[in-house]
Amino acid sequence: MYKTFRILLGFAALCITHATQAQLISNTPYSRYGIGEMNDYLGSIRSAGMAGTGISAGNSYQANITNPALLYYNSITNFDISGAGQLKTLKSSTASQRDGNGNLYNLSLVVPISKRWSSAVGVRPLSTINYEINASSAVEGNPLATIERQYTGEGGLSEAYFAHGVRLFGGLTVGGSASYIFGNTISETSSTVVDSEQLTDRTRIVQIDRTTYRDFLFRAGVNYRQKLKDKLFLSAYGTYSFAAKLDAERDITYERRSQDDNLLASPVADEDTLSGTISLPANWRAGISLDNGSNFTVSAEFSTYEWSKFKSFDGRNDNLKDSYRAALGAEYTPNANAIDSYFKRVTYRGGVYYNDTQFQLNGQDIKDKGVTAGFTLPVGRGTIYDLYLMNISLGYGQRGTTDAGLIKEDYFQFGLGFTVNSRWFLKRRME
């Protein structure tokens, strides 16, 4: 048992070394604005299979990290590790391309402290920047020449969190978390004049903007579960992420590169490192769920971000607007104790979501909508001391539009994770 614990923690330490990259999405031009694309699924792969719901849908054998108030329902030690990826087709009115990416999705350890109190520590991505945009325009007065511009960006923010959940009385539980936000982003901007009459090798000057972020973010959560009748329970919940100002350090350099992107010389200019802040907006989520106390749960959720209050390093808002997201998810396990059929012990999930994002370009609001599915597969035979689970999530969605010169994204998401429930810290006694 403890050998398994040490192996899992060693593997987790290796995964943490990649967490700062926060790359969960493939190429998306919309991540150029603000701090990129936010991670709407703050929970585990279980939550991803239910369209991101799970703030009020506690589960005894999954990590209840979406809402800290639900940590109370993890009555034994729970270790969860997962990764996720995305395959995507980007389309404009004249062209299309395919892309893909993947990385760490969640790493968490939940430990019960007492009968009323459980705590969790973990690492997960908070936002992702990943884009490459190429554009060209004519040179005024020279019909044989064009200006080729390229904009690229990568990186994002991750969070390492410490959370607590406590039952006050009856079905009322409350919780809170403190997260250390960290990460860096790199954006490059370059332009090259292409003239068919010039036969010499073309060089280009590239502006490289490296920004590093760090500071703390706090969340609070509440959940109330009430029995309506025999085998029917109602849960109502809410979480609030407080607005935060992140310390930032920005370094801008200029390089001269060849046409095939090789560095031709040392940086031609290196500006002084600047210190500043960015303002992250507040976020709240609310919703309800119904369950029968054993094998069926359905959950509805609504959330919003006040992106109109976002301020970048330069004090700009990047023309962001307040966003909202609505989702509906459910899960069902035919018979968790069945011995005649493995598939009766499998948990099946599904969900739908609609997101009016913070991005507004060329007069168009960027919408995001899709469907999800998921499964939990028992691994081996569970005992009162150990239960091993493999979690899978799948999703298909569409974002954006090809109108007004914009980009439409068709994407397929997938996730794979492993959850271990074990009484690691229980002393066994010989009678």
# chains A, B, ... in the order shown; residues from 1 in each chain; ligands from 1

$ closest_atom_pairs --of "stretch 235-327 of chain A" --to "stretch 370-384 of chain A" --cutoff "12 Å" --atoms "only C-alpha atoms" --output "tab-separated table"
residue	atom	partner	partner_atom	distance
A:Arg325	CA	A:Gly370	CA	11.6
A:Ala326	CA	A:Gly370	CA	11.1
A:Ala327	CA	A:Val371	CA	9.6

$ residues_around --residues "A:Tyr353" --least-positions-apart "2" --cutoff "12 Å" --atoms "only C-alpha atoms" --output "PDB file with N, CA, C and O atoms, in the first residue's frame"
ATOM      1  N   ASP A  40     -12.181  26.153 -17.800  1.00  0.00           N
ATOM      2  CA  ASP A  40     -13.527  26.125 -17.218  1.00  0.00           C
ATOM      3  C   ASP A  40     -13.762  24.878 -16.371  1.00  0.00           C
ATOM      4  O   ASP A  40     -14.690  24.835 -15.561  1.00  0.00           O
ATOM      5  N   TYR A  41     -12.937  23.835 -16.580  1.00  0.00           N
ATOM      6  CA  TYR A  41     -13.117  22.583 -15.845  1.00  0.00           C
ATOM      7  C   TYR A  41     -12.108  22.543 -14.693  1.00  0.00           C
ATOM      8  O   TYR A  41     -10.991  22.052 -14.844  1.00  0.00           O
ATOM      9  N   ALA A  48     -15.115  16.763 -16.250  1.00  0.00           N
ATOM     10  CA  ALA A  48     -15.025  17.037 -17.686  1.00  0.00           C
ATOM     11  C   ALA A  48     -16.029  16.209 -18.473  1.00  0.00           C
ATOM     12  O   ALA A  48     -16.593  16.680 -19.469  1.00  0.00           O
ATOM     13  N   GLY A  49     -16.289  14.978 -18.056  1.00  0.00           N
ATOM     14  CA  GLY A  49     -17.263  14.142 -18.741  1.00  0.00           C
ATOM     15  C   GLY A  49     -18.690  14.612 -18.551  1.00  0.00           C
ATOM     16  O   GLY A  49     -19.592  14.233 -19.314  1.00  0.00           O
ATOM     17  N   MET A  50     -18.910  15.479 -17.551  1.00  0.00           N
ATOM     18  CA  MET A  50     -20.244  16.032 -17.271  1.00  0.00           C
ATOM     19  C   MET A  50     -20.317  17.502 -17.675  1.00  0.00           C
ATOM     20  O   MET A  50     -21.018  18.300 -17.045  1.00  0.00           O
ATOM     21  N   ALA A  51     -19.580  17.879 -18.706  1.00  0.00           N
ATOM     22  CA  ALA A  51     -19.587  19.243 -19.253  1.00  0.00           C
ATOM     23  C   ALA A  51     -19.076  20.277 -18.258  1.00  0.00           C
ATOM     24  O   ALA A  51     -19.426  21.444 -18.321  1.00  0.00           O
ATOM     25  N   GLY A  52     -18.240  19.834 -17.307  1.00  0.00           N
ATOM     26  CA  GLY A  52     -17.670  20.760 -16.344  1.00  0.00           C
ATOM     27  C   GLY A  52     -18.485  20.951 -15.094  1.00  0.00           C
ATOM     28  O   GLY A  52     -18.070  21.667 -14.183  1.00  0.00           O
ATOM     29  N   THR A  53     -19.663  20.336 -15.009  1.00  0.00           N
ATOM     30  CA  THR A  53     -20.456  20.437 -13.782  1.00  0.00           C
ATOM     31  C   THR A  53     -19.831  19.550 -12.707  1.00  0.00           C
ATOM     32  O   THR A  53     -19.043  18.670 -12.988  1.00  0.00           O
ATOM     33  N   SER A 299     -26.868  17.377 -12.809  1.00  0.00           N
ATOM     34  CA  SER A 299     -26.425  18.650 -12.266  1.00  0.00           C
ATOM     35  C   SER A 299     -26.525  19.753 -13.315  1.00  0.00           C
ATOM     36  O   SER A 299     -26.223  19.533 -14.493  1.00  0.00           O
ATOM     37  N   ALA A 300     -26.943  20.944 -12.896  1.00  0.00           N
ATOM     38  CA  ALA A 300     -27.011  22.123 -13.765  1.00  0.00           C
ATOM     39  C   ALA A 300     -26.187  23.231 -13.135  1.00  0.00           C
ATOM     40  O   ALA A 300     -26.200  23.414 -11.912  1.00  0.00           O
ATOM     41  N   GLU A 301     -25.476  23.989 -13.993  1.00  0.00           N
ATOM     42  CA  GLU A 301     -24.546  24.989 -13.479  1.00  0.00           C
ATOM     43  C   GLU A 301     -24.543  26.246 -14.338  1.00  0.00           C
ATOM     44  O   GLU A 301     -24.703  26.179 -15.561  1.00  0.00           O
ATOM     45  N   PHE A 302     -24.348  27.400 -13.680  1.00  0.00           N
ATOM     46  CA  PHE A 302     -24.206  28.672 -14.380  1.00  0.00           C
ATOM     47  C   PHE A 302     -23.043  29.422 -13.750  1.00  0.00           C
ATOM     48  O   PHE A 302     -22.902  29.462 -12.524  1.00  0.00           O
ATOM     49  N   SER A 303     -22.182  30.021 -14.586  1.00  0.00           N
ATOM     50  CA  SER A 303     -21.032  30.758 -14.077  1.00  0.00           C
ATOM     51  C   SER A 303     -20.797  32.000 -14.922  1.00  0.00           C
ATOM     52  O   SER A 303     -21.224  32.076 -16.085  1.00  0.00           O
ATOM     53  N   TYR A 324     -20.340  34.430 -19.701  1.00  0.00           N
ATOM     54  CA  TYR A 324     -21.118  33.505 -18.890  1.00  0.00           C
ATOM     55  C   TYR A 324     -21.109  32.134 -19.539  1.00  0.00           C
ATOM     56  O   TYR A 324     -20.863  31.976 -20.738  1.00  0.00           O
ATOM     57  N   ARG A 325     -21.369  31.116 -18.721  1.00  0.00           N
ATOM     58  CA  ARG A 325     -21.353  29.732 -19.190  1.00  0.00           C
ATOM     59  C   ARG A 325     -22.465  28.959 -18.486  1.00  0.00           C
ATOM     60  O   ARG A 325     -22.635  29.069 -17.268  1.00  0.00           O
ATOM     61  N   ALA A 326     -23.225  28.167 -19.246  1.00  0.00           N
ATOM     62  CA  ALA A 326     -24.273  27.304 -18.696  1.00  0.00           C
ATOM     63  C   ALA A 326     -23.986  25.869 -19.107  1.00  0.00           C
ATOM     64  O   ALA A 326     -23.558  25.608 -20.242  1.00  0.00           O
ATOM     65  N   ALA A 327     -24.196  24.926 -18.193  1.00  0.00           N
ATOM     66  CA  ALA A 327     -23.887  23.526 -18.482  1.00  0.00           C
ATOM     67  C   ALA A 327     -24.873  22.610 -17.755  1.00  0.00           C
ATOM     68  O   ALA A 327     -25.404  22.952 -16.690  1.00  0.00           O
ATOM     69  N   LEU A 328     -25.088  21.447 -18.338  1.00  0.00           N
ATOM     70  CA  LEU A 328     -25.953  20.410 -17.775  1.00  0.00           C
ATOM     71  C   LEU A 328     -25.243  19.076 -17.924  1.00  0.00           C
ATOM     72  O   LEU A 328     -24.792  18.732 -19.016  1.00  0.00           O
ATOM     73  N   GLY A 329     -25.120  18.333 -16.828  1.00  0.00           N
ATOM     74  CA  GLY A 329     -24.419  17.054 -16.871  1.00  0.00           C
ATOM     75  C   GLY A 329     -25.086  16.001 -16.019  1.00  0.00           C
ATOM     76  O   GLY A 329     -25.873  16.318 -15.108  1.00  0.00           O
ATOM     77  N   GLY A 350     -22.482  12.158 -19.277  1.00  0.00           N
ATOM     78  CA  GLY A 350     -22.739  12.974 -20.456  1.00  0.00           C
ATOM     79  C   GLY A 350     -23.067  14.396 -20.048  1.00  0.00           C
ATOM     80  O   GLY A 350     -23.387  14.668 -18.878  1.00  0.00           O
ATOM     81  N   GLY A 351     -22.969  15.326 -21.015  1.00  0.00           N
ATOM     82  CA  GLY A 351     -23.276  16.714 -20.693  1.00  0.00           C
ATOM     83  C   GLY A 351     -23.302  17.596 -21.920  1.00  0.00           C
ATOM     84  O   GLY A 351     -22.841  17.201 -23.003  1.00  0.00           O
ATOM     85  N   ASN A 355     -21.278  28.589 -23.948  1.00  0.00           N
ATOM     86  CA  ASN A 355     -20.407  29.593 -23.360  1.00  0.00           C
ATOM     87  C   ASN A 355     -20.383  30.838 -24.245  1.00  0.00           C
ATOM     88  O   ASN A 355     -19.991  30.770 -25.414  1.00  0.00           O
ATOM     89  N   ASP A 356     -20.829  31.954 -23.687  1.00  0.00           N
ATOM     90  CA  ASP A 356     -20.662  33.253 -24.343  1.00  0.00           C
ATOM     91  C   ASP A 356     -19.345  33.805 -23.818  1.00  0.00           C
ATOM     92  O   ASP A 356     -19.284  34.348 -22.722  1.00  0.00           O
ATOM     93  N   LYS A 367     -18.933  32.675 -29.504  1.00  0.00           N
ATOM     94  CA  LYS A 367     -19.671  31.663 -28.741  1.00  0.00           C
ATOM     95  C   LYS A 367     -18.924  30.325 -28.777  1.00  0.00           C
ATOM     96  O   LYS A 367     -18.208  30.016 -29.730  1.00  0.00           O
ATOM     97  N   ASP A 368     -19.138  29.529 -27.741  1.00  0.00           N
ATOM     98  CA  ASP A 368     -18.518  28.209 -27.634  1.00  0.00           C
ATOM     99  C   ASP A 368     -19.574  27.241 -27.113  1.00  0.00           C
ATOM    100  O   ASP A 368     -20.168  27.475 -26.058  1.00  0.00           O
ATOM    101  N   LYS A 369     -19.803  26.156 -27.824  1.00  0.00           N
ATOM    102  CA  LYS A 369     -20.825  25.193 -27.399  1.00  0.00           C
ATOM    103  C   LYS A 369     -20.375  23.789 -27.770  1.00  0.00           C
ATOM    104  O   LYS A 369     -19.602  23.587 -28.720  1.00  0.00           O
ATOM    105  N   GLY A 370     -20.862  22.795 -26.986  1.00  0.00           N
ATOM    106  CA  GLY A 370     -20.448  21.437 -27.279  1.00  0.00           C
ATOM    107  C   GLY A 370     -21.130  20.410 -26.401  1.00  0.00           C
ATOM    108  O   GLY A 370     -21.972  20.723 -25.548  1.00  0.00           O
ATOM    109  N   VAL A 371     -20.747  19.150 -26.600  1.00  0.00           N
ATOM    110  CA  VAL A 371     -21.275  18.012 -25.855  1.00  0.00           C
ATOM    111  C   VAL A 371     -20.100  17.209 -25.313  1.00  0.00           C
ATOM    112  O   VAL A 371     -19.005  17.233 -25.876  1.00  0.00           O
ATOM    113  N   THR A 372     -20.325  16.501 -24.218  1.00  0.00           N
ATOM    114  CA  THR A 372     -19.273  15.689 -23.609  1.00  0.00           C
ATOM    115  C   THR A 372     -19.812  14.310 -23.241  1.00  0.00           C
ATOM    116  O   THR A 372     -21.022  14.101 -23.126  1.00  0.00           O
ATOM    117  N   ALA A 373     -18.887  13.386 -23.028  1.00  0.00           N
ATOM    118  CA  ALA A 373     -19.211  12.048 -22.532  1.00  0.00           C
ATOM    119  C   ALA A 373     -18.047  11.592 -21.666  1.00  0.00           C
ATOM    120  O   ALA A 373     -16.930  12.114 -21.770  1.00  0.00           O
ATOM    121  N   GLY A 395     -15.138  14.889 -25.698  1.00  0.00           N
ATOM    122  CA  GLY A 395     -15.980  16.049 -25.966  1.00  0.00           C
ATOM    123  C   GLY A 395     -15.804  16.564 -27.377  1.00  0.00           C
ATOM    124  O   GLY A 395     -14.725  16.445 -27.965  1.00  0.00           O
ATOM    125  N   TYR A 396     -16.876  17.118 -27.901  1.00  0.00           N
ATOM    126  CA  TYR A 396     -16.828  17.764 -29.217  1.00  0.00           C
ATOM    127  C   TYR A 396     -17.488  19.129 -29.096  1.00  0.00           C
ATOM    128  O   TYR A 396     -18.552  19.271 -28.473  1.00  0.00           O
ATOM    129  N   GLY A 397     -16.847  20.155 -29.691  1.00  0.00           N
ATOM    130  CA  GLY A 397     -17.406  21.490 -29.603  1.00  0.00           C
ATOM    131  C   GLY A 397     -17.053  22.355 -30.789  1.00  0.00           C
ATOM    132  O   GLY A 397     -16.192  22.012 -31.608  1.00  0.00           O
ATOM    133  N   GLN A 398     -17.718  23.491 -30.882  1.00  0.00           N
ATOM    134  CA  GLN A 398     -17.478  24.487 -31.917  1.00  0.00           C
ATOM    135  C   GLN A 398     -17.382  25.859 -31.270  1.00  0.00           C
ATOM    136  O   GLN A 398     -18.136  26.178 -30.352  1.00  0.00           O
ATOM    137  N   ARG A 399     -16.442  26.652 -31.772  1.00  0.00           N
ATOM    138  CA  ARG A 399     -16.272  27.999 -31.252  1.00  0.00           C
ATOM    139  C   ARG A 399     -15.967  28.955 -32.403  1.00  0.00           C
ATOM    140  O   ARG A 399     -15.232  28.617 -33.333  1.00  0.00           O
TER     141      ARG A 399
END

$ closest_residue --among "A:Met38, A:Leu157, A:Val166, A:Ala84" --to "A:Phe412" --atoms "only C-alpha atoms"
A:Ala84

$ residues_around --residues "A:Tyr30" --least-positions-apart "6" --cutoff "8 Å" --atoms "only C-alpha atoms" --output "compact mmCIF listing (two decimals) with N, CA and C atoms, in the first residue's frame"
# COMPACT_ATOMS: atom_id res chain seq x y z
N GLY A 36 -5.45 34.70 -22.10
CA GLY A 36 -5.67 33.49 -22.87
C GLY A 36 -7.00 32.83 -22.55
N GLU A 37 -7.07 31.56 -22.85
CA GLU A 37 -8.30 30.79 -22.62
C GLU A 37 -8.29 30.22 -21.21
N TYR A 131 -1.13 30.36 -29.87
CA TYR A 131 -1.65 30.83 -31.15
C TYR A 131 -0.51 31.13 -32.12
N PHE A 359 -14.46 37.04 -25.49
CA PHE A 359 -13.87 37.61 -26.70
C PHE A 359 -14.95 38.23 -27.60

$ closest_atom_pairs --of "stretch 140-220 of chain A" --to "stretch 64-73 of chain A" --cutoff "7 Å" --atoms "only C-alpha atoms" --output "JSON lines"
{"residue": "A:Ala163", "atom": "CA", "partner": "A:Pro68", "partner_atom": "CA", "distance": 6.0}
{"residue": "A:His164", "atom": "CA", "partner": "A:Pro68", "partner_atom": "CA", "distance": 5.9}
{"residue": "A:Gly165", "atom": "CA", "partner": "A:Ala69", "partner_atom": "CA", "distance": 4.5}
{"residue": "A:Val166", "atom": "CA", "partner": "A:Tyr72", "partner_atom": "CA", "distance": 5.7}
{"residue": "A:Arg167", "atom": "CA", "partner": "A:Tyr72", "partner_atom": "CA", "distance": 6.4}
{"residue": "A:Thr173", "atom": "CA", "partner": "A:Ala69", "partner_atom": "CA", "distance": 5.4}
{"residue": "A:Val174", "atom": "CA", "partner": "A:Ala69", "partner_atom": "CA", "distance": 4.3}
{"residue": "A:Gly175", "atom": "CA", "partner": "A:Ala69", "partner_atom": "CA", "distance": 3.9}
{"residue": "A:Gly176", "atom": "CA", "partner": "A:Pro68", "partner_atom": "CA", "distance": 5.6}
{"residue": "A:Ser177", "atom": "CA", "partner": "A:Pro68", "partner_atom": "CA", "distance": 6.7}

$ write_last_selection --atoms "N, CA, C and O atoms" --output "mmCIF file, in the first residue's frame"
data_model
loop_
_atom_site.group_PDB
_atom_site.id
_atom_site.type_symbol
_atom_site.label_atom_id
_atom_site.label_comp_id
_atom_site.auth_asym_id
_atom_site.auth_seq_id
_atom_site.Cartn_x
_atom_site.Cartn_y
_atom_site.Cartn_z
ATOM 1 N N ALA A 163 -6.725 23.468 -0.168
ATOM 2 C CA ALA A 163 -8.159 23.669 0.048
ATOM 3 C C ALA A 163 -8.647 22.886 1.261
ATOM 4 O O ALA A 163 -8.059 21.866 1.649
ATOM 5 N N HIS A 164 -9.765 23.368 1.836
ATOM 6 C CA HIS A 164 -10.378 22.717 2.993
ATOM 7 C C HIS A 164 -11.895 22.711 2.826
ATOM 8 O O HIS A 164 -12.474 23.669 2.307
ATOM 9 N N GLY A 165 -12.521 21.626 3.287
ATOM 10 C CA GLY A 165 -13.971 21.524 3.311
ATOM 11 C C GLY A 165 -14.449 21.014 4.656
ATOM 12 O O GLY A 165 -13.902 20.033 5.182
ATOM 13 N N VAL A 166 -15.469 21.667 5.237
ATOM 14 C CA VAL A 166 -15.938 21.343 6.585
ATOM 15 C C VAL A 166 -17.458 21.257 6.587
ATOM 16 O O VAL A 166 -18.140 22.075 5.953
ATOM 17 N N ARG A 167 -17.998 20.257 7.280
ATOM 18 C CA ARG A 167 -19.449 20.198 7.495
ATOM 19 C C ARG A 167 -19.786 20.949 8.774
ATOM 20 O O ARG A 167 -19.249 20.640 9.836
ATOM 21 N N THR A 173 -22.254 22.353 4.145
ATOM 22 C CA THR A 173 -20.790 22.296 4.151
ATOM 23 C C THR A 173 -20.244 23.576 3.532
ATOM 24 O O THR A 173 -20.847 24.155 2.623
ATOM 25 N N VAL A 174 -19.098 24.009 4.028
ATOM 26 C CA VAL A 174 -18.435 25.203 3.504
ATOM 27 C C VAL A 174 -16.971 24.863 3.247
ATOM 28 O O VAL A 174 -16.426 23.894 3.796
ATOM 29 N N GLY A 175 -16.334 25.664 2.417
ATOM 30 C CA GLY A 175 -14.937 25.413 2.115
ATOM 31 C C GLY A 175 -14.244 26.640 1.562
ATOM 32 O O GLY A 175 -14.891 27.641 1.208
ATOM 33 N N GLY A 176 -12.943 26.557 1.499
ATOM 34 C CA GLY A 176 -12.160 27.639 0.945
ATOM 35 C C GLY A 176 -10.829 27.120 0.448
ATOM 36 O O GLY A 176 -10.377 26.032 0.825
ATOM 37 N N SER A 177 -10.188 27.879 -0.441
ATOM 38 C CA SER A 177 -8.888 27.478 -0.969
ATOM 39 C C SER A 177 -8.024 28.697 -1.200
ATOM 40 O O SER A 177 -8.512 29.800 -1.471
#

$ select_by_dssp --residues "stretch 301-399 of chain A" --states "strand (DSSP E)" --output "PyMOL selection string"
chain A and resi 301-305+323-332+347-361+364-379+386-399

$ atom_distance --atom1 "atom CA of A:Glu331" --atom2 "atom CA of A:Ser289"
11.2 Å

$ residues_around --residues "stretch 409-411 of chain A" --least-positions-apart "6" --cutoff "10 Å" --atoms "only C-alpha atoms" --output "compact mmCIF listing (two decimals) with N, CA, C and O atoms, in the first residue's frame"
# COMPACT_ATOMS: atom_id res chain seq x y z
N ILE A 25 -4.72 23.50 -24.68
CA ILE A 25 -5.44 23.69 -25.93
C ILE A 25 -4.47 23.71 -27.09
O ILE A 25 -3.29 24.01 -26.93
N SER A 26 -4.96 23.36 -28.26
CA SER A 26 -4.16 23.52 -29.46
C SER A 26 -4.31 24.95 -29.96
O SER A 26 -4.94 25.79 -29.33
N ASN A 27 -3.71 25.23 -31.09
CA ASN A 27 -3.66 26.58 -31.63
C ASN A 27 -5.05 27.23 -31.68
O ASN A 27 -5.97 26.70 -32.29
N THR A 28 -5.21 28.37 -31.01
CA THR A 28 -6.46 29.13 -31.08
C THR A 28 -6.13 30.61 -31.11
O THR A 28 -5.51 31.15 -30.17
N PRO A 29 -6.49 31.32 -32.17
CA PRO A 29 -6.19 32.75 -32.26
C PRO A 29 -6.81 33.57 -31.13
O PRO A 29 -6.29 34.63 -30.78
N GLN A 86 -6.33 17.93 -27.03
CA GLN A 86 -7.32 18.48 -27.95
C GLN A 86 -6.81 18.36 -29.39
O GLN A 86 -5.64 18.60 -29.67
N LEU A 87 -7.70 17.94 -30.27
CA LEU A 87 -7.46 17.96 -31.71
C LEU A 87 -8.42 18.96 -32.31
O LEU A 87 -9.60 18.99 -31.95
N LYS A 88 -7.94 19.78 -33.23
CA LYS A 88 -8.74 20.90 -33.68
C LYS A 88 -8.56 21.17 -35.17
O LYS A 88 -7.48 21.00 -35.72
N THR A 89 -9.67 21.61 -35.79
CA THR A 89 -9.64 22.12 -37.16
C THR A 89 -10.03 23.58 -37.13
O THR A 89 -11.10 23.93 -36.61
N LEU A 90 -9.16 24.44 -37.64
CA LEU A 90 -9.42 25.88 -37.71
C LEU A 90 -9.79 26.24 -39.14
O LEU A 90 -9.11 25.83 -40.08
N LYS A 91 -10.87 27.01 -39.28
CA LYS A 91 -11.36 27.36 -40.61
C LYS A 91 -11.57 28.86 -40.72
O LYS A 91 -12.11 29.49 -39.81
N SER A 92 -11.12 29.41 -41.83
CA SER A 92 -11.49 30.78 -42.19
C SER A 92 -12.39 30.68 -43.42
O SER A 92 -12.76 29.58 -43.85
N SER A 96 -8.17 26.28 -44.20
CA SER A 96 -8.33 25.53 -42.95
C SER A 96 -7.02 24.83 -42.61
O SER A 96 -6.18 24.61 -43.48
N GLN A 97 -6.86 24.48 -41.33
CA GLN A 97 -5.69 23.72 -40.90
C GLN A 97 -6.05 22.91 -39.67
O GLN A 97 -7.04 23.19 -38.99
N ARG A 98 -5.22 21.89 -39.37
CA ARG A 98 -5.45 21.04 -38.21
C ARG A 98 -4.30 21.18 -37.23
O ARG A 98 -3.16 21.44 -37.62
N ASP A 99 -4.62 21.00 -35.95
CA ASP A 99 -3.62 21.16 -34.90
C ASP A 99 -4.01 20.30 -33.71
O ASP A 99 -5.14 19.79 -33.63
N GLY A 100 -3.10 20.15 -32.75
CA GLY A 100 -3.39 19.36 -31.57
C GLY A 100 -2.39 19.64 -30.46
O GLY A 100 -1.29 20.16 -30.70
N ASP A 368 -19.14 29.53 -27.74
CA ASP A 368 -18.52 28.21 -27.63
C ASP A 368 -19.57 27.24 -27.11
O ASP A 368 -20.17 27.48 -26.06
N GLY A 370 -20.86 22.80 -26.99
CA GLY A 370 -20.45 21.44 -27.28
C GLY A 370 -21.13 20.41 -26.40
O GLY A 370 -21.97 20.72 -25.55
N GLY A 395 -15.14 14.89 -25.70
CA GLY A 395 -15.98 16.05 -25.97
C GLY A 395 -15.80 16.56 -27.38
O GLY A 395 -14.72 16.45 -27.96
N TYR A 396 -16.88 17.12 -27.90
CA TYR A 396 -16.83 17.76 -29.22
C TYR A 396 -17.49 19.13 -29.10
O TYR A 396 -18.55 19.27 -28.47
N GLY A 397 -16.85 20.15 -29.69
CA GLY A 397 -17.41 21.49 -29.60
C GLY A 397 -17.05 22.35 -30.79
O GLY A 397 -16.19 22.01 -31.61
N GLN A 398 -17.72 23.49 -30.88
CA GLN A 398 -17.48 24.49 -31.92
C GLN A 398 -17.38 25.86 -31.27
O GLN A 398 -18.14 26.18 -30.35
N ARG A 399 -16.44 26.65 -31.77
CA ARG A 399 -16.27 28.00 -31.25
C ARG A 399 -15.97 28.96 -32.40
O ARG A 399 -15.23 28.62 -33.33
N GLY A 400 -16.52 30.16 -32.30
CA GLY A 400 -16.23 31.19 -33.28
C GLY A 400 -17.07 31.10 -34.53
O GLY A 400 -18.04 30.33 -34.62
N THR A 401 -16.68 31.88 -35.54
CA THR A 401 -17.42 31.96 -36.79
C THR A 401 -16.46 32.39 -37.90
O THR A 401 -15.41 32.99 -37.63
N THR A 402 -16.82 32.07 -39.11
CA THR A 402 -16.02 32.52 -40.26
C THR A 402 -16.51 33.87 -40.79
O THR A 402 -15.93 34.40 -41.74

$ closest_residue --among "A:Ala57, A:Leu394, A:Ile45, A:Ile129" --to "A:Tyr105" --atoms "only C-alpha atoms"
A:Ile45

$ closest_residue --among "A:Asn223, A:Ala243, A:Tyr151, A:Asn101" --to "A:Val206" --atoms "only C-alpha atoms"
A:Tyr151

$ atom_distance --atom1 "atom CA of A:Leu109" --atom2 "atom CA of A:Tyr240"
22.1 Å

$ residues_around --residues "A:Asp403" --least-positions-apart "2" --cutoff "10 Å" --atoms "only C-alpha atoms" --output "PyMOL selection string"
chain A and resi 92-93+362+364+400-401+405-408

$ select_by_dssp --residues "stretch 11-243 of chain A" --states "alpha helix (DSSP H)" --output "PyMOL selection string"
chain A and resi 11-19+45-49

$ atom_distance --atom1 "atom CA of A:Phe182" --atom2 "atom CA of A:Glu159"
6.3 Å

$ residues_around --residues "stretch 418-420 of chain A" --least-positions-apart "6" --cutoff "12 Å" --atoms "only C-alpha atoms" --output "NGL selection string"
:A and (1 or 4-5 or 8-9 or 12 or 44-46 or 60-64 or 74 or 76-83 or 105-111 or 375-380 or 382-383 or 385-393)

$ closest_residue --among "A:Leu126, A:Val121, A:Val139, A:Leu168" --to "A:Leu217" --atoms "only C-alpha atoms"
A:Leu126

$ decode --residues "stretch 343-350 of chain A" --atoms "N, CA, C and O atoms" --output "short mmCIF file (atom, residue, chain, number, x, y, z; two decimals), in the first residue's frame"
data_model
loop_
_atom_site.label_atom_id
_atom_site.label_comp_id
_atom_site.auth_asym_id
_atom_site.auth_seq_id
_atom_site.Cartn_x
_atom_site.Cartn_y
_atom_site.Cartn_z
N PHE A 343 -19.58 -4.30 -17.04
CA PHE A 343 -20.13 -3.06 -17.57
C PHE A 343 -21.22 -2.47 -16.68
O PHE A 343 -21.53 -1.29 -16.79
N LYS A 344 -21.80 -3.28 -15.79
CA LYS A 344 -22.74 -2.73 -14.82
C LYS A 344 -22.03 -1.90 -13.76
O LYS A 344 -22.63 -1.03 -13.14
N ARG A 345 -20.74 -2.16 -13.56
CA ARG A 345 -19.97 -1.41 -12.57
C ARG A 345 -19.33 -0.16 -13.16
O ARG A 345 -18.73 0.64 -12.43
N VAL A 346 -19.41 0.01 -14.47
CA VAL A 346 -18.88 1.20 -15.13
C VAL A 346 -19.83 2.37 -14.90
O VAL A 346 -21.05 2.22 -14.94
N THR A 347 -19.28 3.56 -14.67
CA THR A 347 -20.07 4.78 -14.56
C THR A 347 -20.08 5.50 -15.90
O THR A 347 -19.02 5.71 -16.50
N TYR A 348 -21.27 5.88 -16.37
CA TYR A 348 -21.44 6.53 -17.67
C TYR A 348 -21.86 7.98 -17.45
O TYR A 348 -22.71 8.27 -16.60
N ARG A 349 -21.26 8.90 -18.24
CA ARG A 349 -21.53 10.32 -18.05
C ARG A 349 -21.83 11.01 -19.38
O ARG A 349 -21.43 10.53 -20.45
N GLY A 350 -22.48 12.16 -19.28
CA GLY A 350 -22.74 12.97 -20.46
C GLY A 350 -23.07 14.40 -20.05
O GLY A 350 -23.39 14.67 -18.88
#
